[in-house]
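S.K.: To be precise about what I am sending: the file is called input.txt and holds compact mmCIF, C-alpha atoms.
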```
# COMPACT_ATOMS: atom_id res chain seq x y z
CA MET A 1 48.63 160.48 134.21
CA GLU A 2 51.12 160.30 137.02
CA SER A 3 54.77 161.21 136.75
CA ASP A 4 55.84 157.55 136.47
CA ARG A 5 53.30 156.86 133.72
CA TYR A 6 54.44 159.99 131.89
CA GLU A 7 58.09 158.91 132.09
CA ASN A 8 57.13 155.47 130.77
CA LEU A 9 55.27 157.03 127.85
CA VAL A 10 58.23 159.27 127.09
CA ARG A 11 60.56 156.24 127.02
CA GLN A 12 58.14 154.36 124.77
CA HIS A 13 57.44 157.10 122.25
CA LYS A 14 60.20 159.74 122.23
CA ASP A 15 62.24 158.03 119.51
CA ARG A 16 59.15 157.51 117.36
CA VAL A 17 58.16 161.17 117.69
CA TYR A 18 61.70 162.34 116.89
CA SER A 19 62.00 160.00 113.91
CA TYR A 20 58.71 161.20 112.46
CA ALA A 21 59.72 164.84 112.90
CA ALA A 22 63.17 164.21 111.41
CA TRP A 23 61.73 162.66 108.27
CA MET A 24 59.11 165.38 107.95
CA LEU A 25 61.46 168.31 108.53
CA ARG A 26 64.77 166.83 107.31
CA ASP A 27 66.52 168.83 110.02
CA PRO A 28 67.69 167.10 113.22
CA GLU A 29 67.66 170.27 115.33
CA GLU A 30 64.15 171.18 114.29
CA ALA A 31 63.09 167.57 114.87
CA ARG A 32 64.51 167.62 118.40
CA ASP A 33 62.64 170.84 119.10
CA VAL A 34 59.38 169.37 117.79
CA ALA A 35 59.81 166.16 119.78
CA GLN A 36 60.57 168.08 122.94
CA GLU A 37 57.62 170.40 122.43
CA ALA A 38 55.27 167.46 121.79
CA LEU A 39 56.45 165.77 125.00
CA VAL A 40 56.02 169.00 126.97
CA ARG A 41 52.48 169.28 125.63
CA LEU A 42 51.86 165.68 126.69
CA TRP A 43 52.86 166.65 130.22
CA GLN A 44 50.62 169.72 130.08
CA ASN A 45 47.70 167.55 128.94
CA ARG A 46 48.50 164.51 131.09
CA ARG A 47 45.08 164.52 132.72
CA LYS A 48 43.29 164.50 129.36
CA VAL A 49 45.39 161.99 127.43
CA GLU A 50 44.61 158.32 127.96
CA GLU A 51 47.65 156.06 128.17
CA THR A 52 46.33 153.84 125.37
CA GLY A 53 45.95 156.84 123.06
CA ALA A 54 49.26 158.51 123.88
CA LYS A 55 51.08 157.33 120.74
CA SER A 56 48.38 158.68 118.46
CA TRP A 57 48.09 161.89 120.49
CA LEU A 58 51.86 162.47 120.36
CA LEU A 59 52.09 161.84 116.62
CA THR A 60 49.13 164.14 116.00
CA THR A 61 50.81 166.85 118.04
CA ALA A 62 54.17 166.29 116.33
CA HIS A 63 52.49 166.34 112.92
CA HIS A 64 50.84 169.70 113.60
CA LEU A 65 54.08 171.13 114.97
CA CYS A 66 55.95 169.94 111.86
CA ILE A 67 53.37 171.47 109.53
CA ASP A 68 53.63 174.78 111.42
CA ARG A 69 57.42 174.76 111.08
CA LEU A 70 57.27 173.89 107.38
CA ARG A 71 54.91 176.81 106.80
CA ARG A 72 57.28 179.15 108.64
CA GLN A 73 60.23 177.85 106.58
CA GLN A 74 58.38 178.71 103.38
CA ARG A 75 58.16 182.31 104.57
CA ARG A 76 61.86 182.63 105.39
CA PRO A 77 64.90 181.36 103.48
CA GLU A 78 67.06 178.59 104.93
CA LEU A 79 70.47 179.29 106.39
CA PRO A 80 73.29 178.04 104.19
CA ALA A 81 75.33 175.14 105.59
CA GLU A 82 78.30 177.50 106.07
CA THR A 83 76.22 179.70 108.36
CA ALA A 84 75.19 176.64 110.39
CA ARG A 85 78.86 175.78 110.90
CA GLU A 86 79.74 179.36 111.80
CA THR A 87 77.00 179.52 114.42
CA GLY A 88 78.40 176.39 116.04
CA GLN A 89 75.49 174.06 115.33
CA ASP A 90 76.30 170.44 116.07
CA GLN A 91 77.49 168.72 112.88
CA ARG A 92 77.64 165.14 114.23
CA PRO A 93 75.49 162.61 112.36
CA ASP A 94 72.27 161.70 114.10
CA PRO A 95 70.03 158.65 113.45
CA PHE A 96 68.22 160.47 110.64
CA HIS A 97 71.45 161.24 108.78
CA ARG A 98 72.97 157.82 109.50
CA ALA A 99 69.91 156.11 107.99
CA ALA A 100 70.15 158.33 104.92
CA SER A 101 73.90 157.76 104.49
CA THR A 102 73.65 154.77 102.14
CA GLU A 103 73.05 155.33 98.45
CA THR A 104 69.58 153.81 98.66
CA GLY A 105 68.87 155.70 101.87
CA ARG A 106 69.86 158.97 100.20
CA ALA A 107 67.63 158.21 97.23
CA ILE A 108 64.70 157.44 99.53
CA GLY A 109 65.35 160.56 101.59
CA THR A 110 65.52 162.71 98.47
CA ALA A 111 62.34 161.16 97.08
CA LEU A 112 60.53 161.66 100.39
CA ALA A 113 61.73 165.27 100.61
CA ALA A 114 60.39 165.91 97.11
CA LEU A 115 56.90 164.90 98.22
CA GLY A 116 54.69 167.59 99.65
CA PRO A 117 54.27 167.62 103.43
CA ARG A 118 50.82 165.96 103.26
CA ASP A 119 52.04 163.10 101.07
CA ARG A 120 55.24 162.71 103.10
CA ALA A 121 53.22 162.56 106.32
CA ALA A 122 50.95 159.85 104.89
CA VAL A 123 53.86 157.67 103.77
CA LEU A 124 55.76 158.11 107.03
CA MET A 125 52.75 157.38 109.22
CA ARG A 126 51.89 154.19 107.36
CA GLU A 127 55.25 152.82 106.25
CA VAL A 128 57.55 153.99 109.04
CA GLU A 129 55.25 154.34 112.04
CA GLY A 130 53.00 151.43 111.07
CA MET A 131 49.82 153.35 111.83
CA THR A 132 46.45 151.98 110.77
CA TYR A 133 44.33 153.91 108.30
CA ARG A 134 41.95 154.83 111.13
CA GLU A 135 44.82 156.17 113.26
CA MET A 136 46.06 158.17 110.30
CA ALA A 137 42.60 159.62 109.69
CA ARG A 138 42.41 160.67 113.33
CA VAL A 139 45.91 162.20 113.35
CA LEU A 140 45.45 164.02 110.05
CA GLY A 141 41.86 165.01 110.76
CA ILE A 142 40.56 163.71 107.43
CA PRO A 143 38.09 160.99 106.38
CA LEU A 144 39.26 157.39 106.04
CA GLY A 145 38.68 157.35 102.27
CA THR A 146 40.82 160.47 101.88
CA VAL A 147 43.63 158.80 103.82
CA LYS A 148 43.58 155.80 101.50
CA ALA A 149 43.50 157.95 98.36
CA ARG A 150 46.25 160.26 99.62
CA LEU A 151 48.46 157.34 100.59
CA HIS A 152 47.92 155.66 97.22
CA ARG A 153 48.88 158.83 95.33
CA ALA A 154 51.85 159.47 97.63
CA ARG A 155 53.15 155.93 97.13
CA GLU A 156 52.84 156.34 93.36
CA ARG A 157 54.75 159.64 93.42
CA LEU A 158 57.41 158.11 95.66
CA ARG A 159 57.71 155.05 93.42
CA GLU A 160 58.09 157.26 90.31
CA ARG A 161 60.86 159.28 91.95
CA LEU A 162 62.68 156.15 93.13
CA VAL A 163 62.50 154.54 89.68
CA LYS A 164 63.93 157.74 88.15
CA ALA A 165 66.72 157.62 90.74
CA GLY A 166 67.51 154.03 89.73
CA VAL A 167 66.11 152.43 92.88
CA THR A 168 63.86 149.55 91.98
CA PRO A 169 61.03 148.76 94.38
```
Any chance you could give the structure as structure tokens?

M.R.:
Amino acid sequence: MESDRYENLVRQHKDRVYSYAAWMLRDPEEARDVAQEALVRLWQNRRKVEETGAKSWLLTTAHHLCIDRLRRQQRRPELPAETARETGQDQRPDPFHRAASTETGRAIGTALAALGPRDRAAVLMREVEGMTYREMARVLGIPLGTVKARLHRARERLRERLVKAGVTP
């Protein structure tokens, strides 16, 4: 993969990678870090990654990076919002927060956040990223039947949470 091809792939997929990470992590800074790290790894593996498989490769990489960060977060408590302000973290709304700013968007975001990382990943890959079941199986490293079952259960859990929140599907 030449430099021009790499730049083209970055333009094509950077927003998708960031969006996926933002929905998985629910933290714009962490999502930017994940997206950047995934793109750096694409550069490092440019000779191995086929252009036609770059989207899947990037989402697989982003998915694994998100899971790693979620595991680390479970081991350490989150910083309170006041601490984030005191440390000077950027408080401007980003696309993730703008999308979640409507009442329905907030309900969907809350319902997605309540899902476990595996279920959330399945819903995001299929419903937001538009991935096929085969692509999802490859990214998640699980059999096709497991993808379908996981997605079905995740959709049911999401639907239940949205109905409880007063959002009708």

S.K.: Can you pull out the residues contacting Met136 of chain A? Cut-off 12 Å, using only C-alpha atoms, and skip same-chain residues under 2 positions away; I want them as an MDAnalysis selection string.

M.R.: chainID A and resid 55:57 59:60 63 118 121:127 129:134 138:148 150:151

S.K.: Just want the 9 Å neighbourhood of segment 29-33 of chain A, counted on only C-alpha atoms, with same-chain residues fewer than 6 positions away dropped. Output as a list of chain:residue names.

M.R.: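 What passes the distance filter is A:Val17, A:Tyr18, A:Ser19, A:Tyr20, A:Ala21, A:Ala22, A:Trp23, A:Cys66, A:Arg69, A:Gln89, A:Asp90.
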
S.K.: Neighbours of Leu115 of chain A within 8 Å (all atoms listed in the file; same-chain residues fewer than 4 positions away dropped), as a PyMOL selection string?

M.R.: chain A and resi 111+119-120+154+157-158

S.K.: Select, from A:Lys48, A:Arg106, A:Arg26, A:Arg16, the residue with the minimum atom-to-atom distance to Leu70 of chain A, counting only C-alpha atoms.

M.R.: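 Using only C-alpha atoms, Leu70 of chain A sits closest to A:Arg26.
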
S.K.: For atom CA of Asp27 of chain A and atom CA of Arg161 of chain A, determine how far apart the two atoms are, in Å to one decimal place.

M.R.: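 Calculated distance between atom CA of Asp27 of chain A and atom CA of Arg161 of chain A is 21.2 Å.
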
S.K.: For atom CA of Asp68 of chain A and atom CA of Lys14 of chain A, quote the distance in Å rounded to one decimal.

M.R.: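 Straight-line distance from atom CA of Asp68 of chain A to atom CA of Lys14 of chain A works out to 19.7 Å.
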
S.K.: Atom CA of Glu51 of chain A to atom CA of Asn8 of chain A: how many Å, to one decimal?

M.R.: 9.8 Å

S.K.: Skipping near chain neighbours, those fewer than 3 positions away, what residues fall within 7 Å of segment 38-46 of chain A using all atoms listed in the file, listed as a ChimeraX atom specification?

M.R.: /A:1,34-35,49,58,61-62

S.K.: I need the residues from that last selection saved to file as a short mmCIF file (atom, residue, chain, number, x, y, z; two decimals), in the coordinates of the input (with C-alpha atoms), if you can.

M.R.:
```cif
data_model
loop_
_atom_site.label_atom_id
_atom_site.label_comp_id
_atom_site.auth_asym_id
_atom_site.auth_seq_id
_atom_site.Cartn_x
_atom_site.Cartn_y
_atom_site.Cartn_z
CA MET A 1 48.63 160.48 134.21
CA VAL A 34 59.38 169.37 117.79
CA ALA A 35 59.81 166.16 119.78
CA VAL A 49 45.39 161.99 127.43
CA LEU A 58 51.86 162.47 120.36
CA THR A 61 50.81 166.85 118.04
CA ALA A 62 54.17 166.29 116.33
#
```

S.K.: Got a sec: who's within 12 Å of segment 163-165 of chain A, counting only C-alpha atoms, leaving out chain neighbours fewer than 3 positions off, as a PyMOL selection string?

M.R.: chain A and resi 103-111+156-160+168-169

S.K.: From the list A:Val167, A:Leu9, A:Ala114, A:Ala54, which residue is nearest Glu135 of chain A when using all atoms listed in the file?

M.R.: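 The shortest atom-to-atom distance to Glu135 of chain A comes from A:Ala54.
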